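**Student:** Provided herewith: data_3.pdb, PDB, C-alpha atoms.
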ATOM      1  CA  MET L   1     -80.641 -17.787  44.499
ATOM      2  CA  THR L   2     -78.605 -16.498  41.551
ATOM      3  CA  GLU L   3     -78.260 -12.840  40.590
ATOM      4  CA  GLU L   4     -80.269 -13.551  37.430
ATOM      5  CA  ALA L   5     -83.125 -15.091  39.420
ATOM      6  CA  LEU L   6     -83.156 -12.192  41.877
ATOM      7  CA  SER L   7     -83.191  -9.725  38.990
ATOM      8  CA  ALA L   8     -86.023 -11.589  37.239
ATOM      9  CA  ASP L   9     -88.066 -11.641  40.477
ATOM     10  CA  GLU L  10     -87.728  -7.896  41.165
ATOM     11  CA  LEU L  11     -91.230  -6.358  41.282
ATOM     12  CA  LEU L  12     -91.868  -3.492  38.837
ATOM     13  CA  ASP L  13     -94.704  -1.039  38.347
ATOM     14  CA  ILE L  14     -96.396  -1.553  34.971
ATOM     15  CA  VAL L  15     -97.482   1.742  33.397
ATOM     16  CA  ASP L  16     -99.825   2.935  30.662
ATOM     17  CA  GLU L  17     -99.058   5.189  27.687
ATOM     18  CA  ASP L  18     -99.152   8.231  30.023
ATOM     19  CA  ASP L  19     -96.675   6.683  32.525
ATOM     20  CA  ARG L  20     -99.415   6.027  35.104
ATOM     21  CA  VAL L  21     -99.167   2.850  37.200
ATOM     22  CA  VAL L  22    -101.742   0.262  36.130
ATOM     23  CA  GLY L  23    -100.326  -2.842  37.849
ATOM     24  CA  GLN L  24     -97.227  -4.709  38.940
ATOM     25  CA  ALA L  25     -95.261  -7.673  37.616
ATOM     26  CA  PRO L  26     -91.953  -9.429  38.267
ATOM     27  CA  ARG L  27     -89.174  -8.094  36.043
ATOM     28  CA  GLY L  28     -88.764 -11.397  34.195
ATOM     29  CA  GLU L  29     -92.457 -11.456  33.299
ATOM     30  CA  ALA L  30     -92.431  -7.761  32.333
ATOM     31  CA  MET L  31     -89.536  -8.420  29.946
ATOM     32  CA  ALA L  32     -90.968 -11.671  28.539
ATOM     33  CA  ARG L  33     -94.415 -10.156  27.920
ATOM     34  CA  ARG L  34     -93.098  -6.719  26.810
ATOM     35  CA  LEU L  35     -94.987  -4.918  29.565
ATOM     36  CA  ARG L  36     -94.295  -1.166  29.715
ATOM     37  CA  HIS L  37     -92.441  -0.146  32.881
ATOM     38  CA  ARG L  38     -90.008   2.538  34.093
ATOM     39  CA  SER L  39     -86.242   2.822  33.896
ATOM     40  CA  THR L  40     -83.515   5.401  34.489
ATOM     41  CA  SER L  41     -80.314   6.273  32.647
ATOM     42  CA  VAL L  42     -77.597   8.480  34.111
ATOM     43  CA  GLN L  43     -74.806   9.826  31.934
ATOM     44  CA  VAL L  44     -71.847  10.177  34.286
ATOM     45  CA  ARG L  45     -68.950  12.507  33.611
ATOM     46  CA  ASP L  46     -65.821  13.131  35.634
ATOM     47  CA  PRO L  47     -64.658  16.682  36.521
ATOM     48  CA  LEU L  48     -62.655  16.758  33.249
ATOM     49  CA  GLY L  49     -65.846  16.194  31.232
ATOM     50  CA  ARG L  50     -65.008  12.629  30.203
ATOM     51  CA  THR L  51     -67.926  10.188  29.970
ATOM     52  CA  PHE L  52     -68.073   6.951  31.976
ATOM     53  CA  VAL L  53     -68.453   3.999  29.595
ATOM     54  CA  HIS L  54     -68.506   0.311  30.393
ATOM     55  CA  ARG L  55     -69.153  -3.192  29.088
ATOM     56  CA  ARG L  56     -71.918  -5.147  30.775
ATOM     57  CA  THR L  57     -71.203  -8.655  32.048
ATOM     58  CA  PRO L  58     -72.492 -11.639  30.053
ATOM     59  CA  ARG L  59     -74.749 -12.520  33.022
ATOM     60  CA  LYS L  60     -76.960  -9.433  32.642
ATOM     61  CA  LEU L  61     -80.658 -10.165  31.996
ATOM     62  CA  VAL L  62     -80.937  -7.441  29.329
ATOM     63  CA  PHE L  63     -78.247  -6.479  26.781
ATOM     64  CA  PRO L  64     -75.504  -8.835  28.099
ATOM     65  CA  SER L  65     -71.870  -8.153  27.081
ATOM     66  CA  MET L  66     -72.754  -4.888  25.344
ATOM     67  CA  TYR L  67     -71.073  -1.517  25.860
ATOM     68  CA  ASP L  68     -73.044   1.236  27.563
ATOM     69  CA  VAL L  69     -72.613   4.993  27.840
ATOM     70  CA  VAL L  70     -74.985   5.391  30.800
ATOM     71  CA  VAL L  71     -75.592   3.689  34.134
ATOM     72  CA  GLY L  72     -79.041   2.979  35.479
ATOM     73  CA  GLY L  73     -81.727   0.379  35.608
ATOM     74  CA  VAL L  74     -85.339  -0.456  36.177
ATOM     75  CA  VAL L  75     -87.396   1.475  38.698
ATOM     76  CA  GLY L  76     -88.687  -0.868  41.393
ATOM     77  CA  ALA L  77     -92.362  -1.013  42.339
ATOM     78  CA  GLY L  78     -93.221   2.084  44.382
ATOM     79  CA  GLU L  79     -89.774   3.639  43.795
ATOM     80  CA  SER L  80     -89.391   7.126  42.304
ATOM     81  CA  TYR L  81     -87.335   7.819  39.200
ATOM     82  CA  ASP L  82     -85.045  10.104  41.242
ATOM     83  CA  ASP L  83     -84.413   7.518  43.977
ATOM     84  CA  CYS L  84     -83.719   4.845  41.362
ATOM     85  CA  ALA L  85     -81.265   7.077  39.453
ATOM     86  CA  LEU L  86     -79.189   7.762  42.570
ATOM     87  CA  ARG L  87     -79.362   4.147  43.785
ATOM     88  CA  GLU L  88     -78.309   2.736  40.419
ATOM     89  CA  ALA L  89     -75.499   5.281  39.937
ATOM     90  CA  GLU L  90     -74.048   4.523  43.372
ATOM     91  CA  GLU L  91     -74.404   0.759  42.898
ATOM     92  CA  GLU L  92     -72.905   0.591  39.420
ATOM     93  CA  LEU L  93     -70.096   3.067  40.120
ATOM     94  CA  GLY L  94     -69.364   1.464  43.491
ATOM     95  CA  VAL L  95     -69.469   4.725  45.465
ATOM     96  CA  ARG L  96     -71.587   6.326  48.190
ATOM     97  CA  GLY L  97     -72.388   9.985  48.709
ATOM     98  CA  LEU L  98     -72.984  11.070  45.122
ATOM     99  CA  PRO L  99     -74.949  14.259  44.533
ATOM    100  CA  ALA L 100     -78.464  13.736  43.201
ATOM    101  CA  PRO L 101     -78.362  13.154  39.434
ATOM    102  CA  GLU L 102     -79.936  16.051  37.506
ATOM    103  CA  PRO L 103     -83.051  15.056  35.524
ATOM    104  CA  ARG L 104     -83.025  16.140  31.874
ATOM    105  CA  PHE L 105     -85.999  14.537  30.102
ATOM    106  CA  THR L 106     -88.208  11.437  29.871
ATOM    107  CA  PHE L 107     -89.100   9.519  26.726
ATOM    108  CA  LEU L 108     -90.732   6.240  25.762
ATOM    109  CA  TYR L 109     -88.152   3.731  24.534
ATOM    110  CA  GLU L 110     -89.631   1.058  22.286
ATOM    111  CA  SER L 111     -88.151  -1.762  20.267
ATOM    112  CA  PRO L 112     -89.702  -5.021  19.050
ATOM    113  CA  GLU L 113     -88.530  -6.682  22.305
ATOM    114  CA  HIS L 114     -88.806  -3.888  24.898
ATOM    115  CA  THR L 115     -90.882  -0.924  25.996
ATOM    116  CA  TRP L 116     -90.220   1.386  28.933
ATOM    117  CA  PHE L 117     -90.336   5.007  29.962
ATOM    118  CA  LEU L 118     -86.797   6.218  30.405
ATOM    119  CA  ARG L 119     -85.946   9.213  32.574
ATOM    120  CA  VAL L 120     -82.524  10.542  31.626
ATOM    121  CA  TYR L 121     -80.152  12.249  34.066
ATOM    122  CA  GLU L 122     -76.675  13.731  34.126
ATOM    123  CA  LEU L 123     -74.178  13.573  36.963
ATOM    124  CA  VAL L 124     -70.623  14.763  37.600
ATOM    125  CA  CYS L 125     -68.799  12.216  39.743
ATOM    126  CA  GLU L 126     -65.806  13.594  41.631
ATOM    127  CA  LEU L 127     -65.290  10.401  43.660
ATOM    128  CA  PRO L 128     -63.032   7.500  42.670
ATOM    129  CA  VAL L 129     -65.223   4.793  41.140
ATOM    130  CA  ARG L 130     -65.098   1.070  41.907
ATOM    131  CA  PRO L 131     -67.624  -0.475  39.496
ATOM    132  CA  GLN L 132     -69.379  -3.684  40.509
ATOM    133  CA  PRO L 133     -67.636  -6.662  38.899
ATOM    134  CA  GLU L 134     -70.987  -8.518  38.941
ATOM    135  CA  GLU L 135     -72.402  -5.926  36.531
ATOM    136  CA  ILE L 136     -69.402  -4.394  34.730
ATOM    137  CA  ASP L 137     -66.581  -6.253  32.909
ATOM    138  CA  TRP L 138     -64.616  -3.196  31.728
ATOM    139  CA  TRP L 139     -64.878   0.572  32.214
ATOM    140  CA  ASP L 140     -63.149   3.863  31.514
ATOM    141  CA  PHE L 141     -63.793   7.598  31.364
ATOM    142  CA  LEU L 142     -63.449   8.669  27.715
ATOM    143  CA  PRO L 143     -63.098  12.148  26.214
ATOM    144  CA  GLU L 144     -65.977  13.061  23.908
ATOM    145  CA  GLU L 145     -63.949  12.673  20.695
ATOM    146  CA  GLU L 146     -62.736   9.191  21.682
ATOM    147  CA  LEU L 147     -66.230   8.119  22.751
ATOM    148  CA  GLU L 148     -67.714   9.270  19.441
ATOM    149  CA  ARG L 149     -64.948   7.402  17.542
ATOM    150  CA  ARG L 150     -65.589   4.168  19.450
ATOM    151  CA  LEU L 151     -69.342   4.415  18.918
ATOM    152  CA  THR L 152     -68.680   3.974  15.182
ATOM    153  CA  LEU L 153     -66.604   0.787  15.606
ATOM    154  CA  PRO L 154     -68.401  -2.388  14.455
ATOM    155  CA  GLN L 155     -67.057  -4.378  17.427
ATOM    156  CA  TRP L 156     -68.598  -1.860  19.825
ATOM    157  CA  GLN L 157     -72.116  -3.221  20.205
ATOM    158  CA  VAL L 158     -73.778  -0.497  22.270
ATOM    159  CA  VAL L 159     -76.886  -0.849  24.445
ATOM    160  CA  PRO L 160     -79.570   0.723  22.209
ATOM    161  CA  ASP L 161     -81.498   2.686  24.845
ATOM    162  CA  GLY L 162     -78.253   4.049  26.331
ATOM    163  CA  LEU L 163     -77.108   5.110  22.869
ATOM    164  CA  GLU L 164     -80.435   6.870  22.308
ATOM    165  CA  CYS L 165     -80.011   8.710  25.650
ATOM    166  CA  HIS L 166     -76.499   9.765  24.613
ATOM    167  CA  ARG L 167     -77.693  11.036  21.226
ATOM    168  CA  ARG L 168     -80.555  13.009  22.760
ATOM    169  CA  LEU L 169     -78.299  14.546  25.432
ATOM    170  CA  ARG L 170     -75.720  15.493  22.793
ATOM    171  CA  ALA L 171     -78.438  17.098  20.631
ATOM    172  CA  ARG L 172     -79.716  19.120  23.608
ATOM    173  CA  ARG L 173     -76.196  20.341  24.413
ATOM    174  CA  GLY L 174     -75.700  21.226  20.735
ATOM    175  CA  ALA L 175     -78.937  23.210  20.806
ATOM    176  CA  GLY L 176     -77.574  25.228  23.733
ATOM    177  CA  ASP L 177     -79.926  23.627  26.247
ATOM    178  CA  GLY L 178     -76.990  22.671  28.475
ATOM    179  CA  GLY L 179     -78.323  19.179  29.132
TER
END
Would you put the structure from the file into C-alpha cells?
**Tutor:**
Amino acid sequence: MTEEALSADELLDIVDEDDRVVGQAPRGEAMARRLRHRSTSVQVRDPLGRTFVHRRTPRKLVFPSMYDVVVGGVVGAGESYDDCALREAEEELGVRGLPAPEPRFTFLYESPEHTWFLRVYELVCELPVRPQPEEIDWWDFLPEEELERRLTLPQWQVVPDGLECHRRLRARRGAGDGG
C-alpha cells in the first residue's frame, strides 16, 4: 500500500464545535467531506533561536510542495494532542528523545476546504535532525529576520495553517507572553 493510501486510511476522531469527539472517520473521508478533526503544530527552534522550516514533498495528501514553519499532523483516533505533538516532531525531524513540546494555545482553523482544531506547541531541539525524505524535500534552521523575509517572497507558498500558527506565536511573544 502506498504512503498516500495509508495516510488516507488513518482513523481520526471527528469533533464538534467544542472539540468533543462525536465520531470517527478515515482521514481521506474527513478531508473530502470537510469533517472537523484535531491536529497539532510544533514550532521547532534550535538552541540559537533559529526556526526549523521545510518544504513538504509533492506526495503529501494536504498542502503538497508547500513550505512550512511548523511540524505536526493529524491526531489519530484516541490519541492525545500531547502524544501526537511529540510523535510528529520526532518523526518529521528524524530524532528520538525530544523533550515534550510545550503547549501554547488551541484554535479552530477553518478554510473553504478544511476545518480542524489546532493545538500549537513550541520546542527547542538540541539534537541533530535528520528529516524524513518521504515527508520533507528541503529544510533549514533560519534566523527570525531571514524567515520573515522569505515569508514575503511570492515563490514561497506557505502552508496556511502553519503560517497562522507562526503569526499567533509571534504576536504572543510580542505581547510579552513568552510563547
**Student:** I'd like to see the residues matched by the PyMOL selection byres ((chain L and resi 63-70) around 10) on this file, and ideally I'd get them as a PyMOL selection string.
**Tutor:** chain L and resi 40-45+51-62+71-73+89+120-122+135-139+141-142+147+151+155-166
**Student:** Which is closest to Ser80 in chain L among L:Leu108, L:Asp13, L:Leu48, L:Met31, if we use only C-alpha atoms?
**Tutor:**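 Of L:Leu108, L:Asp13, L:Leu48, L:Met31, the one nearest Ser80 in chain L is L:Asp13, counting only C-alpha atoms.
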**Student:** Quick one: distance from CA of Gln24 in chain L to CA of Glu134 in chain L in Å, one decimal?
**Tutor:**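 For CA of Gln24 in chain L relative to CA of Glu134 in chain L, the distance reads 26.5 Å.
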**Student:** As a list in words, please: the residues near Arg87 in chain L (cut-off 10 Å, all atoms listed in the file, same-chain neighbours under 3 positions excluded).
**Tutor:**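 Neighbouring residues, sequence-local ones excluded: Gly72, Gly73, Val75, Tyr81, Asp82, Asp83, Cys84, Glu90, Glu91, Glu92, Arg96, Leu98 and Ala100 of chain L.
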**Student:** Could you tell me how far CA of Leu93 in chain L lies from CA of His37 in chain L, in Å and to one decimal?
**Tutor:**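 Interatomic distance here is 23.7 Å.
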**Student:** Expressed in Å to a single decimal, how great is the separation between CA of Pro101 in chain L and CA of Asp46 in chain L?
**Tutor:**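 Between these atoms lies a distance of 13.1 Å.
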**Student:** For Val74 in chain L, please output as a PDB file with C-alpha atoms, in the frame of the given file all residues within 9 Å (counting only C-alpha atoms; exclusion window: fewer than 5 positions along the same chain).
**Tutor:**
ATOM      1  CA  LEU L  12     -91.868  -3.492  38.837  1.00  0.00           C
ATOM      2  CA  ARG L  27     -89.174  -8.094  36.043  1.00  0.00           C
ATOM      3  CA  HIS L  37     -92.441  -0.146  32.881  1.00  0.00           C
ATOM      4  CA  ARG L  38     -90.008   2.538  34.093  1.00  0.00           C
ATOM      5  CA  SER L  39     -86.242   2.822  33.896  1.00  0.00           C
ATOM      6  CA  THR L  40     -83.515   5.401  34.489  1.00  0.00           C
ATOM      7  CA  CYS L  84     -83.719   4.845  41.362  1.00  0.00           C
ATOM      8  CA  GLU L  88     -78.309   2.736  40.419  1.00  0.00           C
ATOM      9  CA  TRP L 116     -90.220   1.386  28.933  1.00  0.00           C
ATOM     10  CA  LEU L 118     -86.797   6.218  30.405  1.00  0.00           C
TER      11      LEU L 118
END
**Student:** For this file, the PyMOL selection byres ((chain L and resi 16) around 10) selects which residues, as an mmCIF file with C-alpha atoms, in the frame of the given file?
**Tutor:**
data_model
loop_
_atom_site.group_PDB
_atom_site.id
_atom_site.type_symbol
_atom_site.label_atom_id
_atom_site.label_comp_id
_atom_site.auth_asym_id
_atom_site.auth_seq_id
_atom_site.Cartn_x
_atom_site.Cartn_y
_atom_site.Cartn_z
ATOM 1 C CA ILE L 14 -96.396 -1.553 34.971
ATOM 2 C CA VAL L 15 -97.482 1.742 33.397
ATOM 3 C CA GLU L 17 -99.058 5.189 27.687
ATOM 4 C CA ASP L 18 -99.152 8.231 30.023
ATOM 5 C CA ASP L 19 -96.675 6.683 32.525
ATOM 6 C CA ARG L 20 -99.415 6.027 35.104
ATOM 7 C CA VAL L 21 -99.167 2.850 37.200
ATOM 8 C CA VAL L 22 -101.742 0.262 36.130
ATOM 9 C CA GLY L 23 -100.326 -2.842 37.849
ATOM 10 C CA LEU L 35 -94.987 -4.918 29.565
ATOM 11 C CA ARG L 36 -94.295 -1.166 29.715
ATOM 12 C CA HIS L 37 -92.441 -0.146 32.881
ATOM 13 C CA TRP L 116 -90.220 1.386 28.933
ATOM 14 C CA PHE L 117 -90.336 5.007 29.962
#
**Student:** Any chance you could build range 95-106 of chain L out to all heavy atoms and write it as a PDB file, in the frame of the given file?
**Tutor:**
ATOM      1  N   VAL L  95     -69.773   3.605  44.566  1.00  0.00           N
ATOM      2  CA  VAL L  95     -69.469   4.725  45.465  1.00  0.00           C
ATOM      3  C   VAL L  95     -70.708   5.076  46.283  1.00  0.00           C
ATOM      4  O   VAL L  95     -71.827   4.720  45.925  1.00  0.00           O
ATOM      5  CB  VAL L  95     -68.994   5.979  44.690  1.00  0.00           C
ATOM      6  CG1 VAL L  95     -67.722   5.695  43.917  1.00  0.00           C
ATOM      7  CG2 VAL L  95     -70.065   6.506  43.773  1.00  0.00           C
ATOM      8  N   ARG L  96     -70.490   5.786  47.375  1.00  0.00           N
ATOM      9  CA  ARG L  96     -71.587   6.326  48.190  1.00  0.00           C
ATOM     10  C   ARG L  96     -71.388   7.827  48.320  1.00  0.00           C
ATOM     11  O   ARG L  96     -70.264   8.317  48.251  1.00  0.00           O
ATOM     12  CB  ARG L  96     -71.591   5.691  49.595  1.00  0.00           C
ATOM     13  CG  ARG L  96     -71.944   4.226  49.603  1.00  0.00           C
ATOM     14  CD  ARG L  96     -73.442   4.027  49.368  1.00  0.00           C
ATOM     15  NE  ARG L  96     -73.772   2.627  49.259  1.00  0.00           N
ATOM     16  CZ  ARG L  96     -74.219   2.058  48.150  1.00  0.00           C
ATOM     17  NH1 ARG L  96     -74.361   2.755  47.063  1.00  0.00           N
ATOM     18  NH2 ARG L  96     -74.523   0.791  48.122  1.00  0.00           N
ATOM     19  N   GLY L  97     -72.481   8.546  48.491  1.00  0.00           N
ATOM     20  CA  GLY L  97     -72.388   9.985  48.709  1.00  0.00           C
ATOM     21  C   GLY L  97     -72.377  10.819  47.448  1.00  0.00           C
ATOM     22  O   GLY L  97     -71.917  11.963  47.466  1.00  0.00           O
ATOM     23  N   LEU L  98     -72.892  10.286  46.355  1.00  0.00           N
ATOM     24  CA  LEU L  98     -72.984  11.070  45.122  1.00  0.00           C
ATOM     25  C   LEU L  98     -74.038  12.166  45.281  1.00  0.00           C
ATOM     26  O   LEU L  98     -75.030  11.984  45.999  1.00  0.00           O
ATOM     27  CB  LEU L  98     -73.391  10.179  43.943  1.00  0.00           C
ATOM     28  CG  LEU L  98     -72.358   9.211  43.411  1.00  0.00           C
ATOM     29  CD1 LEU L  98     -72.984   8.305  42.356  1.00  0.00           C
ATOM     30  CD2 LEU L  98     -71.163   9.953  42.833  1.00  0.00           C
ATOM     31  N   PRO L  99     -73.865  13.277  44.575  1.00  0.00           N
ATOM     32  CA  PRO L  99     -74.949  14.259  44.533  1.00  0.00           C
ATOM     33  C   PRO L  99     -76.117  13.666  43.745  1.00  0.00           C
ATOM     34  O   PRO L  99     -75.931  12.727  42.965  1.00  0.00           O
ATOM     35  CB  PRO L  99     -74.325  15.446  43.785  1.00  0.00           C
ATOM     36  CG  PRO L  99     -73.220  14.859  42.979  1.00  0.00           C
ATOM     37  CD  PRO L  99     -72.714  13.670  43.761  1.00  0.00           C
ATOM     38  N   ALA L 100     -77.296  14.219  43.945  1.00  0.00           N
ATOM     39  CA  ALA L 100     -78.464  13.736  43.201  1.00  0.00           C
ATOM     40  C   ALA L 100     -78.252  13.977  41.707  1.00  0.00           C
ATOM     41  O   ALA L 100     -77.894  15.081  41.305  1.00  0.00           O
ATOM     42  CB  ALA L 100     -79.720  14.460  43.673  1.00  0.00           C
ATOM     43  N   PRO L 101     -78.447  12.944  40.884  1.00  0.00           N
ATOM     44  CA  PRO L 101     -78.362  13.154  39.434  1.00  0.00           C
ATOM     45  C   PRO L 101     -79.406  14.189  38.991  1.00  0.00           C
ATOM     46  O   PRO L 101     -80.502  14.268  39.540  1.00  0.00           O
ATOM     47  CB  PRO L 101     -78.683  11.776  38.859  1.00  0.00           C
ATOM     48  CG  PRO L 101     -78.332  10.814  39.952  1.00  0.00           C
ATOM     49  CD  PRO L 101     -78.687  11.542  41.228  1.00  0.00           C
ATOM     50  N   GLU L 102     -79.054  14.988  37.986  1.00  0.00           N
ATOM     51  CA  GLU L 102     -79.936  16.051  37.506  1.00  0.00           C
ATOM     52  C   GLU L 102     -80.813  15.533  36.376  1.00  0.00           C
ATOM     53  O   GLU L 102     -80.302  15.114  35.333  1.00  0.00           O
ATOM     54  CB  GLU L 102     -79.101  17.235  37.021  1.00  0.00           C
ATOM     55  CG  GLU L 102     -78.285  17.852  38.143  1.00  0.00           C
ATOM     56  CD  GLU L 102     -77.422  19.007  37.660  1.00  0.00           C
ATOM     57  OE1 GLU L 102     -77.731  19.607  36.602  1.00  0.00           O
ATOM     58  OE2 GLU L 102     -76.431  19.307  38.356  1.00  0.00           O
ATOM     59  N   PRO L 103     -82.152  15.551  36.578  1.00  0.00           N
ATOM     60  CA  PRO L 103     -83.051  15.056  35.524  1.00  0.00           C
ATOM     61  C   PRO L 103     -83.015  15.979  34.309  1.00  0.00           C
ATOM     62  O   PRO L 103     -82.954  17.203  34.449  1.00  0.00           O
ATOM     63  CB  PRO L 103     -84.423  15.061  36.186  1.00  0.00           C
ATOM     64  CG  PRO L 103     -84.311  15.988  37.340  1.00  0.00           C
ATOM     65  CD  PRO L 103     -82.875  16.030  37.750  1.00  0.00           C
ATOM     66  N   ARG L 104     -83.056  15.366  33.117  1.00  0.00           N
ATOM     67  CA  ARG L 104     -83.025  16.140  31.874  1.00  0.00           C
ATOM     68  C   ARG L 104     -84.307  15.989  31.070  1.00  0.00           C
ATOM     69  O   ARG L 104     -84.862  16.979  30.613  1.00  0.00           O
ATOM     70  CB  ARG L 104     -81.820  15.740  31.017  1.00  0.00           C
ATOM     71  CG  ARG L 104     -80.491  16.029  31.656  1.00  0.00           C
ATOM     72  CD  ARG L 104     -80.349  17.503  31.966  1.00  0.00           C
ATOM     73  NE  ARG L 104     -79.031  17.814  32.487  1.00  0.00           N
ATOM     74  CZ  ARG L 104     -78.800  18.757  33.374  1.00  0.00           C
ATOM     75  NH1 ARG L 104     -79.783  19.502  33.829  1.00  0.00           N
ATOM     76  NH2 ARG L 104     -77.581  18.976  33.806  1.00  0.00           N
ATOM     77  N   PHE L 105     -84.784  14.766  30.883  1.00  0.00           N
ATOM     78  CA  PHE L 105     -85.999  14.537  30.102  1.00  0.00           C
ATOM     79  C   PHE L 105     -86.429  13.082  30.283  1.00  0.00           C
ATOM     80  O   PHE L 105     -85.673  12.255  30.791  1.00  0.00           O
ATOM     81  CB  PHE L 105     -85.813  14.867  28.607  1.00  0.00           C
ATOM     82  CG  PHE L 105     -84.622  14.194  27.977  1.00  0.00           C
ATOM     83  CD1 PHE L 105     -84.707  12.908  27.457  1.00  0.00           C
ATOM     84  CD2 PHE L 105     -83.407  14.858  27.903  1.00  0.00           C
ATOM     85  CE1 PHE L 105     -83.602  12.295  26.887  1.00  0.00           C
ATOM     86  CE2 PHE L 105     -82.289  14.248  27.324  1.00  0.00           C
ATOM     87  CZ  PHE L 105     -82.394  12.972  26.821  1.00  0.00           C
ATOM     88  N   THR L 106     -87.659  12.791  29.849  1.00  0.00           N
ATOM     89  CA  THR L 106     -88.208  11.437  29.871  1.00  0.00           C
ATOM     90  C   THR L 106     -88.743  11.138  28.477  1.00  0.00           C
ATOM     91  O   THR L 106     -89.320  12.013  27.833  1.00  0.00           O
ATOM     92  CB  THR L 106     -89.360  11.332  30.903  1.00  0.00           C
ATOM     93  OG1 THR L 106     -88.879  11.741  32.186  1.00  0.00           O
ATOM     94  CG2 THR L 106     -89.895   9.906  31.003  1.00  0.00           C
TER      95      THR L 106
END
